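Raw my_file01.txt, compact mmCIF, C-alpha atoms:
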# COMPACT_ATOMS: atom_id res chain seq x y z
CA MET A 1 -5.30 11.57 36.38
CA ARG A 2 -1.71 10.67 35.54
CA ARG A 3 -2.86 7.53 33.74
CA ARG A 4 -5.20 9.60 31.50
CA ALA A 5 -2.44 12.07 30.61
CA SER A 6 -0.12 9.18 29.81
CA LEU A 7 -2.75 7.65 27.52
CA LEU A 8 -3.18 10.91 25.61
CA GLN A 9 0.58 11.17 25.18
CA ARG A 10 0.80 7.63 23.84
CA MET A 11 -2.03 8.41 21.40
CA HIS A 12 -0.26 11.62 20.31
CA ILE A 13 -3.30 13.68 21.31
CA ASP A 14 -2.99 17.18 22.71
CA GLY A 15 -5.40 17.30 25.65
CA ILE A 16 -5.99 21.05 25.48
CA LEU A 17 -6.95 20.98 21.81
CA LEU A 18 -9.15 17.91 22.34
CA VAL A 19 -11.15 19.55 25.17
CA LEU A 20 -11.64 22.75 23.17
CA LEU A 21 -12.76 20.86 20.06
CA LEU A 22 -15.22 18.72 22.04
CA THR A 23 -16.60 21.91 23.61
CA LEU A 24 -17.19 23.42 20.17
CA ALA A 25 -18.78 20.19 18.95
CA ALA A 26 -21.25 20.14 21.83
CA GLY A 27 -22.07 23.83 21.32
CA SER A 28 -22.48 23.28 17.59
CA LEU A 29 -25.13 20.57 18.04
CA PHE A 30 -26.91 22.73 20.60
CA VAL A 31 -27.14 25.76 18.28
CA LEU A 32 -27.66 23.71 15.11
CA TYR A 33 -30.76 22.04 16.56
CA SER A 34 -32.39 25.45 16.90
CA ALA A 35 -30.99 26.93 13.67
CA SER A 36 -32.24 23.98 11.59
CA GLY A 37 -35.79 24.17 12.95
CA LYS A 38 -35.31 21.13 15.23
CA ASP A 39 -34.21 18.92 12.35
CA VAL A 40 -33.00 15.75 14.09
CA ASP A 41 -31.79 14.11 10.86
CA LEU A 42 -29.53 17.06 10.13
CA LEU A 43 -28.24 16.92 13.71
CA ILE A 44 -27.41 13.22 13.35
CA LYS A 45 -25.53 13.92 10.09
CA GLN A 46 -23.49 16.65 11.78
CA ALA A 47 -22.71 14.42 14.78
CA SER A 48 -21.71 11.60 12.41
CA SER A 49 -19.41 13.93 10.48
CA PHE A 50 -17.80 15.06 13.71
CA GLY A 51 -17.29 11.43 14.75
CA ILE A 52 -15.65 10.60 11.41
CA GLY A 53 -13.53 13.76 11.64
CA LEU A 54 -12.48 12.92 15.19
CA VAL A 55 -11.35 9.45 14.14
CA GLY A 56 -9.50 10.98 11.20
CA MET A 57 -7.84 13.53 13.49
CA ILE A 58 -6.60 10.79 15.84
CA VAL A 59 -5.30 8.70 12.93
CA ILE A 60 -3.47 11.66 11.36
CA ALA A 61 -1.92 12.54 14.72
CA GLN A 62 -0.15 9.16 14.76
CA PHE A 63 2.00 9.99 11.72
CA GLU A 64 5.20 11.94 12.17
CA PRO A 65 5.42 15.24 10.27
CA ARG A 66 8.41 13.98 8.28
CA PHE A 67 6.29 11.03 7.10
CA MET A 68 3.51 13.42 6.04
CA ALA A 69 6.02 15.57 4.16
CA ARG A 70 7.01 12.61 1.97
CA TRP A 71 3.44 12.23 0.73
CA VAL A 72 2.68 15.92 0.20
CA PRO A 73 3.49 15.97 -3.57
CA LEU A 74 1.20 12.99 -4.16
CA ALA A 75 -1.54 14.61 -2.07
CA TYR A 76 -1.22 17.81 -4.13
CA ILE A 77 -1.50 15.90 -7.41
CA GLY A 78 -4.49 13.97 -6.05
CA GLY A 79 -6.19 17.15 -4.86
CA VAL A 80 -5.77 18.86 -8.23
CA GLY A 81 -6.99 15.68 -9.92
CA LEU A 82 -10.18 15.69 -7.85
CA LEU A 83 -10.77 19.35 -8.74
CA LEU A 84 -10.47 18.40 -12.42
CA VAL A 85 -13.02 15.63 -11.86
CA VAL A 86 -15.38 18.21 -10.35
CA ASP A 87 -14.94 20.41 -13.40
CA ILE A 88 -15.65 17.52 -15.78
CA MET A 89 -18.39 15.54 -14.03
CA GLY A 90 -19.10 17.27 -10.71
CA HIS A 91 -22.48 17.42 -8.99
CA ASN A 92 -24.34 20.70 -9.50
CA ALA A 93 -26.36 22.24 -6.67
CA MET A 94 -27.69 25.78 -6.23
CA GLY A 95 -26.00 26.95 -9.42
CA ALA A 96 -22.51 25.75 -8.49
CA THR A 97 -20.54 22.62 -9.35
CA ARG A 98 -18.43 21.95 -6.28
CA TRP A 99 -19.14 18.36 -5.27
CA ILE A 100 -18.31 14.82 -6.32
CA ASN A 101 -21.37 12.69 -5.81
CA ILE A 102 -21.21 8.90 -5.56
CA PRO A 103 -24.93 7.95 -5.39
CA GLY A 104 -25.87 6.09 -2.25
CA ILE A 105 -22.33 6.31 -0.82
CA ILE A 106 -20.96 9.81 -0.34
CA ARG A 107 -21.00 13.38 -1.59
CA PHE A 108 -17.99 15.54 -0.78
CA GLN A 109 -16.36 18.83 -1.77
CA PRO A 110 -12.72 18.31 -2.92
CA SER A 111 -11.86 22.01 -2.67
CA GLU A 112 -12.12 21.71 1.14
CA PHE A 113 -9.16 19.32 1.18
CA MET A 114 -6.97 21.94 -0.51
CA LYS A 115 -7.19 24.06 2.64
CA ILE A 116 -4.79 21.54 4.20
CA ILE A 117 -2.98 20.28 1.12
CA MET A 118 -2.10 23.81 -0.05
CA PRO A 119 -0.14 24.98 3.04
CA ALA A 120 1.45 21.52 3.31
CA THR A 121 2.65 21.78 -0.31
CA ILE A 122 4.19 25.24 0.08
CA ALA A 123 5.71 24.26 3.46
CA TRP A 124 7.19 21.12 1.89
CA TYR A 125 8.62 23.08 -1.05
CA LEU A 126 10.11 25.97 0.95
CA SER A 127 11.47 23.82 3.78
CA LYS A 128 13.90 22.31 1.25
CA ARG A 129 15.15 25.74 0.10
CA THR A 130 17.28 28.48 1.55
CA LEU A 131 15.22 31.10 3.37
CA PRO A 132 14.12 33.80 2.97
CA PRO A 133 12.74 32.53 -0.36
CA ARG A 134 14.27 33.88 -3.55
CA LEU A 135 12.25 35.23 -6.47
CA LYS A 136 12.24 31.92 -8.36
CA HIS A 137 11.00 30.10 -5.25
CA ILE A 138 8.25 32.68 -4.80
CA VAL A 139 7.20 32.27 -8.44
CA VAL A 140 7.05 28.47 -8.11
CA SER A 141 5.06 28.80 -4.87
CA LEU A 142 2.59 31.15 -6.51
CA ALA A 143 2.23 28.75 -9.44
CA LEU A 144 1.51 25.89 -7.03
CA ILE A 145 -1.15 28.04 -5.40
CA GLY A 146 -2.57 29.30 -8.68
CA VAL A 147 -3.41 25.93 -10.25
CA PRO A 148 -5.96 24.71 -7.66
CA VAL A 149 -7.27 28.23 -7.04
CA SER A 150 -8.08 28.62 -10.75
CA LEU A 151 -9.98 25.33 -10.72
CA ILE A 152 -11.90 26.36 -7.59
CA LEU A 153 -12.84 29.73 -9.10
CA VAL A 154 -14.33 27.93 -12.10
CA GLN A 155 -16.79 26.02 -9.86
CA PRO A 156 -17.41 28.91 -8.80
CA ASP A 157 -16.42 29.17 -5.12
CA LEU A 158 -14.78 32.49 -4.31
CA GLY A 159 -14.81 31.98 -0.54
CA THR A 160 -12.90 28.69 -0.63
CA ALA A 161 -10.52 30.06 -3.28
CA LEU A 162 -9.63 32.99 -1.01
CA LEU A 163 -9.01 30.65 1.93
CA VAL A 164 -6.75 28.42 -0.17
CA ILE A 165 -4.79 31.48 -1.33
CA THR A 166 -4.55 32.67 2.27
CA SER A 167 -3.27 29.33 3.56
CA GLY A 168 -0.47 29.30 0.99
CA ALA A 169 0.33 33.00 1.45
CA PHE A 170 0.74 32.54 5.21
CA VAL A 171 3.46 29.93 4.58
CA LEU A 172 5.31 32.36 2.32
CA PHE A 173 5.01 35.10 4.93
CA MET A 174 6.28 32.86 7.74
CA ALA A 175 9.17 31.69 5.55
CA GLY A 176 10.57 35.22 5.79
CA LEU A 177 9.18 36.83 2.65
CA GLN A 178 10.97 40.13 2.19
CA TRP A 179 8.98 43.30 2.82
CA ARG A 180 9.55 44.61 -0.69
CA TRP A 181 7.62 41.62 -2.04
CA ILE A 182 4.89 42.06 0.55
CA LEU A 183 4.52 45.78 -0.25
CA GLY A 184 4.55 44.95 -3.95
CA ALA A 185 1.73 42.47 -3.44
CA VAL A 186 -0.27 45.07 -1.51
CA ALA A 187 0.27 47.61 -4.28
CA ALA A 188 -0.90 45.05 -6.84
CA LEU A 189 -4.19 44.48 -5.03
CA VAL A 190 -5.93 47.38 -6.77
CA PRO A 191 -5.19 46.34 -10.39
CA VAL A 192 -5.81 42.68 -9.46
CA ALA A 193 -9.16 43.60 -7.91
CA VAL A 194 -10.13 45.59 -11.02
CA GLY A 195 -9.16 42.68 -13.24
CA MET A 196 -11.14 40.21 -11.15
CA TRP A 197 -14.17 42.50 -11.23
CA PHE A 198 -14.26 42.63 -15.04
CA PHE A 199 -12.94 39.18 -16.00
CA VAL A 200 -13.30 36.73 -13.07
CA LEU A 201 -16.23 37.52 -10.80
CA HIS A 202 -19.69 36.26 -11.72
CA GLN A 203 -22.65 38.62 -11.64
CA TYR A 204 -23.95 37.28 -8.32
CA GLN A 205 -20.49 37.79 -6.77
CA LYS A 206 -20.41 41.40 -8.01
CA GLN A 207 -23.87 41.87 -6.52
CA ARG A 208 -22.57 40.67 -3.15
CA VAL A 209 -19.92 43.39 -3.18
CA LEU A 210 -22.47 46.05 -4.13
CA THR A 211 -24.81 44.76 -1.43
CA PHE A 212 -22.00 44.97 1.12
CA LEU A 213 -21.45 48.63 0.24
CA SER A 214 -25.18 49.47 0.46
CA PRO A 215 -27.55 46.65 1.49
CA GLU A 216 -30.45 49.10 1.96
CA THR A 217 -30.64 49.79 -1.78
CA ASP A 218 -32.34 46.41 -2.28
CA PRO A 219 -33.80 45.44 1.13
CA LEU A 220 -36.16 42.79 -0.29
CA GLY A 221 -33.64 41.32 -2.73
CA SER A 222 -29.86 41.04 -2.49
CA GLY A 223 -29.72 43.04 0.75
CA TRP A 224 -32.22 40.80 2.56
CA ASN A 225 -29.70 38.36 4.07
CA ILE A 226 -27.42 40.90 5.68
CA ILE A 227 -30.27 43.12 6.90
CA GLN A 228 -31.99 40.17 8.58
CA SER A 229 -28.67 38.98 9.99
CA LYS A 230 -28.02 42.38 11.61
CA ALA A 231 -31.56 42.40 12.94
CA ALA A 232 -31.06 38.99 14.54
CA ILE A 233 -27.74 39.97 16.10
CA GLY A 234 -29.09 43.26 17.44
CA SER A 235 -32.31 41.79 18.81
CA GLY A 236 -30.41 39.33 20.99
CA GLY A 237 -29.11 42.06 23.28
CA VAL A 238 -26.77 41.06 26.09
CA LEU A 239 -28.34 37.79 27.29
CA GLY A 240 -30.39 36.78 24.24
CA LYS A 241 -33.99 35.65 23.87
CA GLY A 242 -33.32 32.09 25.00
CA TRP A 243 -32.69 28.77 23.29
CA LEU A 244 -35.28 27.95 20.58
CA LEU A 245 -36.90 31.37 21.05
CA GLY A 246 -35.22 33.24 18.19
CA THR A 247 -37.73 34.78 15.80
CA GLN A 248 -35.52 35.59 12.80
CA SER A 249 -34.54 31.96 12.17
CA HIS A 250 -37.69 30.16 13.36
CA LEU A 251 -39.97 32.42 11.32
CA ASP A 252 -37.70 31.97 8.26
CA PHE A 253 -36.61 35.60 8.05
CA LEU A 254 -32.95 34.55 8.14
CA PRO A 255 -31.80 32.47 5.13
CA GLU A 256 -29.03 29.86 5.48
CA SER A 257 -29.48 30.02 9.25
CA HIS A 258 -27.86 26.61 9.79
CA THR A 259 -24.80 27.28 7.59
CA ASP A 260 -23.20 30.65 6.81
CA PHE A 261 -25.41 32.76 9.09
CA ILE A 262 -25.55 30.48 12.11
CA ILE A 263 -23.76 32.94 14.39
CA ALA A 264 -26.71 35.31 13.91
CA VAL A 265 -28.92 32.58 15.41
CA LEU A 266 -26.50 32.18 18.31
CA ALA A 267 -26.40 35.95 18.89
CA GLU A 268 -30.20 36.22 18.87
CA GLU A 269 -30.77 33.35 21.29
CA PHE A 270 -27.73 33.70 23.58
CA GLY A 271 -26.88 37.37 23.12
CA LEU A 272 -23.55 39.11 23.49
CA VAL A 273 -22.58 36.74 26.31
CA GLY A 274 -22.98 33.67 24.08
CA VAL A 275 -20.99 35.21 21.24
CA CYS A 276 -18.19 36.26 23.61
CA LEU A 277 -17.98 32.74 25.04
CA LEU A 278 -17.67 31.31 21.53
CA LEU A 279 -14.99 33.85 20.62
CA PHE A 280 -13.13 32.98 23.83
CA VAL A 281 -13.01 29.29 22.85
CA TYR A 282 -11.78 30.29 19.39
CA LEU A 283 -9.11 32.49 21.00
CA LEU A 284 -7.91 29.58 23.12
CA LEU A 285 -7.71 27.34 20.05
CA ILE A 286 -5.72 29.91 18.08
CA SER A 287 -3.43 30.59 21.05
CA ARG A 288 -2.73 26.87 21.43
CA GLY A 289 -1.98 26.64 17.72
CA LEU A 290 0.52 29.49 17.98
CA VAL A 291 2.20 27.81 20.98
CA ILE A 292 2.55 24.62 18.93
CA THR A 293 4.01 26.70 16.08
CA VAL A 294 6.64 28.23 18.35
CA GLN A 295 7.57 24.86 19.87
CA ALA A 296 7.81 23.00 16.54
CA GLN A 297 11.34 21.69 16.00
CA THR A 298 11.43 21.42 12.21
CA LEU A 299 10.99 24.08 9.57
CA PHE A 300 8.24 22.11 7.85
CA GLY A 301 6.41 21.80 11.19
CA LYS A 302 6.67 25.51 11.96
CA LEU A 303 5.46 26.61 8.54
CA MET A 304 2.63 24.09 8.51
CA ALA A 305 1.42 24.75 12.07
CA GLY A 306 1.59 28.52 11.65
CA SER A 307 -0.34 28.48 8.39
CA LEU A 308 -3.08 26.15 9.70
CA THR A 309 -3.52 28.30 12.81
CA MET A 310 -3.67 31.61 10.97
CA THR A 311 -5.98 30.20 8.29
CA PHE A 312 -8.33 29.05 11.05
CA PHE A 313 -8.29 32.63 12.37
CA VAL A 314 -9.20 33.92 8.89
CA TYR A 315 -12.07 31.40 8.79
CA VAL A 316 -13.55 32.87 11.96
CA PHE A 317 -12.83 36.49 11.05
CA VAL A 318 -14.35 36.28 7.56
CA ASN A 319 -17.54 34.52 8.65
CA ILE A 320 -18.24 36.87 11.55
CA GLY A 321 -17.26 39.86 9.42
CA MET A 322 -19.64 38.98 6.59
CA VAL A 323 -22.55 38.11 8.91
CA SER A 324 -22.19 41.40 10.79
CA GLY A 325 -21.86 43.45 7.57
CA LEU A 326 -18.16 44.27 7.91
CA LEU A 327 -17.18 42.13 4.90
CA PRO A 328 -18.94 41.03 1.70
CA VAL A 329 -20.75 37.69 1.82
CA VAL A 330 -18.43 35.06 0.32
CA GLY A 331 -19.95 31.82 1.61
CA VAL A 332 -17.44 30.91 4.34
CA PRO A 333 -18.95 28.73 7.12
CA LEU A 334 -18.28 29.31 10.82
CA PRO A 335 -15.72 26.68 11.90
CA PHE A 336 -17.21 23.74 13.85
CA ILE A 337 -20.56 25.53 14.28
CA SER A 338 -22.02 25.72 10.76
CA TYR A 339 -23.50 22.59 9.22
CA GLY A 340 -21.23 20.90 6.70
CA GLY A 341 -19.63 17.46 6.72
CA THR A 342 -16.63 17.96 4.42
CA SER A 343 -15.69 21.26 6.08
CA LEU A 344 -15.91 19.72 9.55
CA ILE A 345 -13.78 16.70 8.64
CA THR A 346 -11.19 18.93 6.96
CA LEU A 347 -10.92 21.20 10.00
CA LEU A 348 -10.45 18.25 12.35
CA SER A 349 -7.83 16.81 10.00
CA GLY A 350 -5.96 20.09 10.25
CA PHE A 351 -5.96 19.88 14.04
CA GLY A 352 -4.73 16.31 13.71
CA VAL A 353 -1.72 17.69 11.85
CA LEU A 354 -1.17 20.22 14.65
CA MET A 355 -1.28 17.46 17.25
CA SER A 356 1.21 15.41 15.24
CA ILE A 357 3.62 18.35 15.01
CA HIS A 358 3.35 18.96 18.74
CA THR A 359 3.48 15.41 20.10
CA HIS A 360 6.20 14.06 17.80
CA ARG A 361 8.67 16.86 18.38
CA LYS A 362 10.93 14.84 20.74
CA TRP A 363 11.32 11.98 18.27
CA ILE A 364 12.00 14.36 15.38
CA ALA A 365 14.66 16.20 17.36
CA GLN A 366 16.63 12.96 17.69
CA VAL A 367 16.65 12.20 13.95

Let me see the structure of the file written as structure tokens.
Amino acid sequence: MRRRASLLQRMHIDGILLVLLLTLAAGSLFVLYSASGKDVDLLIKQASSFGIGLVGMIVIAQFEPRFMARWVPLAYIGGVGLLLVVDIMGHNAMGATRWINIPGIIRFQPSEFMKIIMPATIAWYLSKRTLPPRLKHIVVSLALIGVPVSLILVQPDLGTALLVITSGAFVLFMAGLQWRWILGAVAALVPVAVGMWFFVLHQYQKQRVLTFLSPETDPLGSGWNIIQSKAAIGSGGVLGKGWLLGTQSHLDFLPESHTDFIIAVLAEEFGLVGVCLLLFVYLLLISRGLVITVQAQTLFGKLMAGSLTMTFFVYVFVNIGMVSGLLPVVGVPLPFISYGGTSLITLLSGFGVLMSIHTHRKWIAQV
């Protein structure tokens, strides 16, 4: 037992995070097999993505946070460059241009990488300044956030854009942003929302908001997804109908059952108990992330770890909220459970950063 713990320490791997992530991976494949209609090929792709992400997580964990910080500006420039490539020659699918497709090799979504690059960039910038941040530092931070977000909105991908904004905003908040600026931002939400409604949002995005307010007005059209999702969740009861016995997904009543709405499949087949177990694992992951944040011994590490942890919480909250009808549908997958290679690899990379911050803290303290 001691030898195993020593090996994990030498590999800069946090054992608690690793066990929780492997648990989610196993549960994901279990649920995904049912949600995809027993599609083995899709299951193999998801398992392969998790394997690649796991290797990436271990590799990232080997680098000290101060080494990562040196490369943040280059990563930001590269991320924005990839978003520009998407805008110019990206692959179009389902009415959106969000992917770079290299035929026969790989297809990936560059905007996913900004979920890590964005908080790292703001953490790198603010960690070199006097805190709490002054107005000019806030303006520069917002400009750094605004450039990639604008490119993501053009794709269009409102869900990812909101998550990128959130990841950067969490860094500003943790850097000690004064309450007058926070209250000012809250007060500006109404005019910003009105402006987005008239000048930014596409028609289908506006329809999602209207459907959220009253899905029953168009039960066979725009309201179909959320109505069927609620039906699946409610029909599961406490213990669920059993694995592979869900009717909403297997009879094709529930669209996108293996991606955005996969928790509805879980709720129907495993009931309230299954959902609570999943939420408990998520809670443990978030709690561990917050512990790592508190124990981080550099400002960059604290800002980065805190933002990654809280953004992960937003991931979970938004997906469950939209599937249950508490939030508009914005196309945010359920972390580690929904199908999606780029998203899965990005999430695991983020936890690799957390492990690096946690396991390198003794060496950093001596520098």

Can you build me a table of region 111-155 of chain A residues sitting at most 9 Å from region 293-316 of chain A, with the closest atom pair per residue and its distance in Å to one decimal, using only C-alpha atoms, sorted by chain and residue number, as CSV?
residue,atom,partner,partner_atom,distance
A:Lys115,CA,A:Thr311,CA,8.4
A:Ile116,CA,A:Leu308,CA,7.4
A:Pro119,CA,A:Met304,CA,6.2
A:Ala120,CA,A:Met304,CA,5.9
A:Ile122,CA,A:Met304,CA,8.6
A:Ala123,CA,A:Phe300,CA,5.5
A:Trp124,CA,A:Phe300,CA,6.1
A:Tyr125,CA,A:Phe300,CA,9.0
A:Leu126,CA,A:Phe300,CA,8.1
A:Ser127,CA,A:Phe300,CA,5.5
A:Lys128,CA,A:Phe300,CA,8.7

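Minimum atom-to-atom distance to Ile182 (chain A), evaluated using only C-alpha atoms, belongs to A:Ile138 out of A:Ile227, A:Met196, A:Val149, A:Ile138.
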
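Separating CA of Pro65 (chain A) from CA of Leu348 (chain A) is a distance of 16.3 Å.
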
Please report the interatomic distance between CA of Ser343 (chain A) and CA of Gln109 (chain A) in Å with one decimal.
8.2 Å

Give as a VMD selection string the set of residues within 12 Å of the point (-11.2, 19.9, -14.8), where distances use the file's coordinates and only C-alpha atoms.
chain A and resid 79 to 90 97 to 98 147 to 148 150 to 155

So which residues touch Val31 (chain A) within 8 Å, counting all atoms listed in the file, skipping near sequence neighbours fewer than 5 positions away, as a ChimeraX atom specification?
/A:262,265-266,337

Neighbour list for Phe67 (chain A) as a PyMOL selection string, cut-off 12 Å, all atoms listed in the file, skip fewer than 4 positions in-chain
chain A and resi 60-63+71-72+124+300-301+353+356-357+360+364

Enclose all atoms of region 77-82 of chain A listed in the file in an axis-aligned box, grow every side by 4 Å, and hand back centre and edge lengths in Å to one decimal, as lines of an AutoDock Vina configuration file.
center_x = -5.8
center_y = 16.4
center_z = -7.4
size_x = 16.7
size_y = 12.9
size_z = 13.1

So that I can see what lies close to region 256-258 of chain A, please list as JSON, numbers by chain the residues with an atom at most 9 Å from it, counting only C-alpha atoms and leaving out residues fewer than 2 positions away in the same chain.
{"A": [31, 32, 33, 34, 35, 36, 37, 225, 248, 249, 252, 254, 260, 261, 262, 263, 264, 265, 337, 338, 339]}

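Picture a line from CA of Val318 (chain A) to CA of Gly159 (chain A); it runs 9.2 Å.
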
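Distances from A:Leu24, A:Ala143, A:Trp179, A:Asp41 to Leu334 (chain A) were compared using only C-alpha atoms, and the smallest one belongs to A:Leu24.
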
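Across A:Gly27, A:Pro73, A:Pro328, A:Thr259, the tightest approach to Gln207 (chain A) is made by A:Pro328 when counting all atoms listed in the file.
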
Within 10 Å of Leu327 (chain A), counting only C-alpha atoms, which residues qualify if same-chain residues fewer than 2 places away don't, as number ranges by chain?
A: 208-209, 212-213, 317-325, 329-330

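Neighbouring residues of Thr121 (chain A) at 9 Å or closer, counting all atoms listed in the file and skipping chain neighbours under 6 positions away, are A:Ala69, A:Val72, A:Pro73, A:Ala75, A:Tyr76, A:Ser141, A:Leu144, A:Ile145, A:Gly168.
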
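Nearest to Glu112 (chain A) of all the residues A:Val192, A:Leu285, A:Val19, A:Val332 is A:Val332, counting only C-alpha atoms.
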
Restrict the output to region 136-203 of chain A and C-alpha atoms, then write it as a PDB file, in the first residue's frame.
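Saved the output as selection_30.pdb:
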ATOM      1  CA  LYS A 136      -6.945  49.181 -15.997  1.00  0.00           C
ATOM      2  CA  HIS A 137      -6.148  45.575 -15.061  1.00  0.00           C
ATOM      3  CA  ILE A 138      -9.852  44.714 -15.124  1.00  0.00           C
ATOM      4  CA  VAL A 139     -10.221  46.302 -18.562  1.00  0.00           C
ATOM      5  CA  VAL A 140      -7.240  44.358 -19.939  1.00  0.00           C
ATOM      6  CA  SER A 141      -8.615  41.129 -18.428  1.00  0.00           C
ATOM      7  CA  LEU A 142     -12.011  41.722 -19.994  1.00  0.00           C
ATOM      8  CA  ALA A 143     -10.355  42.411 -23.351  1.00  0.00           C
ATOM      9  CA  LEU A 144      -8.419  39.135 -23.086  1.00  0.00           C
ATOM     10  CA  ILE A 145     -11.701  37.356 -22.387  1.00  0.00           C
ATOM     11  CA  GLY A 146     -13.624  39.215 -25.073  1.00  0.00           C
ATOM     12  CA  VAL A 147     -11.435  38.288 -28.062  1.00  0.00           C
ATOM     13  CA  PRO A 148     -11.914  34.484 -27.961  1.00  0.00           C
ATOM     14  CA  VAL A 149     -15.512  34.789 -26.749  1.00  0.00           C
ATOM     15  CA  SER A 150     -16.383  36.927 -29.788  1.00  0.00           C
ATOM     16  CA  LEU A 151     -14.861  34.323 -32.109  1.00  0.00           C
ATOM     17  CA  ILE A 152     -16.762  31.513 -30.351  1.00  0.00           C
ATOM     18  CA  LEU A 153     -20.063  33.399 -30.609  1.00  0.00           C
ATOM     19  CA  VAL A 154     -19.560  33.702 -34.370  1.00  0.00           C
ATOM     20  CA  GLN A 155     -19.433  29.890 -34.758  1.00  0.00           C
ATOM     21  CA  PRO A 156     -22.108  30.058 -33.109  1.00  0.00           C
ATOM     22  CA  ASP A 157     -21.653  28.333 -29.730  1.00  0.00           C
ATOM     23  CA  LEU A 158     -23.338  30.235 -26.924  1.00  0.00           C
ATOM     24  CA  GLY A 159     -22.864  27.488 -24.322  1.00  0.00           C
ATOM     25  CA  THR A 160     -19.083  27.302 -24.727  1.00  0.00           C
ATOM     26  CA  ALA A 161     -18.830  31.104 -24.895  1.00  0.00           C
ATOM     27  CA  LEU A 162     -20.617  31.406 -21.549  1.00  0.00           C
ATOM     28  CA  LEU A 163     -18.304  28.825 -19.973  1.00  0.00           C
ATOM     29  CA  VAL A 164     -15.209  30.631 -21.265  1.00  0.00           C
ATOM     30  CA  ILE A 165     -16.538  33.926 -19.854  1.00  0.00           C
ATOM     31  CA  THR A 166     -17.274  32.197 -16.560  1.00  0.00           C
ATOM     32  CA  SER A 167     -13.801  30.682 -16.277  1.00  0.00           C
ATOM     33  CA  GLY A 168     -12.167  34.081 -16.744  1.00  0.00           C
ATOM     34  CA  ALA A 169     -14.665  35.867 -14.471  1.00  0.00           C
ATOM     35  CA  PHE A 170     -13.966  33.423 -11.632  1.00  0.00           C
ATOM     36  CA  VAL A 171     -10.275  34.376 -11.736  1.00  0.00           C
ATOM     37  CA  LEU A 172     -11.179  38.057 -11.469  1.00  0.00           C
ATOM     38  CA  PHE A 173     -13.507  37.325  -8.560  1.00  0.00           C
ATOM     39  CA  MET A 174     -10.890  35.268  -6.701  1.00  0.00           C
ATOM     40  CA  ALA A 175      -8.285  37.983  -7.297  1.00  0.00           C
ATOM     41  CA  GLY A 176     -10.289  40.201  -4.947  1.00  0.00           C
ATOM     42  CA  LEU A 177     -12.474  42.130  -7.373  1.00  0.00           C
ATOM     43  CA  GLN A 178     -14.088  44.960  -5.443  1.00  0.00           C
ATOM     44  CA  TRP A 179     -17.802  44.693  -4.727  1.00  0.00           C
ATOM     45  CA  ARG A 180     -18.596  47.934  -6.525  1.00  0.00           C
ATOM     46  CA  TRP A 181     -17.358  46.359  -9.764  1.00  0.00           C
ATOM     47  CA  ILE A 182     -19.282  43.164  -9.075  1.00  0.00           C
ATOM     48  CA  LEU A 183     -22.506  45.071  -8.357  1.00  0.00           C
ATOM     49  CA  GLY A 184     -21.898  47.193 -11.448  1.00  0.00           C
ATOM     50  CA  ALA A 185     -21.565  44.054 -13.553  1.00  0.00           C
ATOM     51  CA  VAL A 186     -24.802  42.671 -12.104  1.00  0.00           C
ATOM     52  CA  ALA A 187     -26.591  45.943 -12.857  1.00  0.00           C
ATOM     53  CA  ALA A 188     -25.271  45.822 -16.430  1.00  0.00           C
ATOM     54  CA  LEU A 189     -26.733  42.358 -17.027  1.00  0.00           C
ATOM     55  CA  VAL A 190     -30.133  43.709 -18.066  1.00  0.00           C
ATOM     56  CA  PRO A 191     -28.930  46.106 -20.812  1.00  0.00           C
ATOM     57  CA  VAL A 192     -26.333  43.534 -21.926  1.00  0.00           C
ATOM     58  CA  ALA A 193     -29.023  40.852 -22.149  1.00  0.00           C
ATOM     59  CA  VAL A 194     -31.267  43.182 -24.176  1.00  0.00           C
ATOM     60  CA  GLY A 195     -28.394  43.995 -26.515  1.00  0.00           C
ATOM     61  CA  MET A 196     -27.538  40.330 -26.991  1.00  0.00           C
ATOM     62  CA  TRP A 197     -31.177  39.522 -27.713  1.00  0.00           C
ATOM     63  CA  PHE A 198     -31.414  42.049 -30.554  1.00  0.00           C
ATOM     64  CA  PHE A 199     -27.872  42.000 -31.979  1.00  0.00           C
ATOM     65  CA  VAL A 200     -26.054  38.777 -30.973  1.00  0.00           C
ATOM     66  CA  LEU A 201     -28.386  35.826 -30.498  1.00  0.00           C
ATOM     67  CA  HIS A 202     -29.440  33.780 -33.512  1.00  0.00           C
ATOM     68  CA  GLN A 203     -33.088  32.930 -34.047  1.00  0.00           C
TER      69      GLN A 203
END
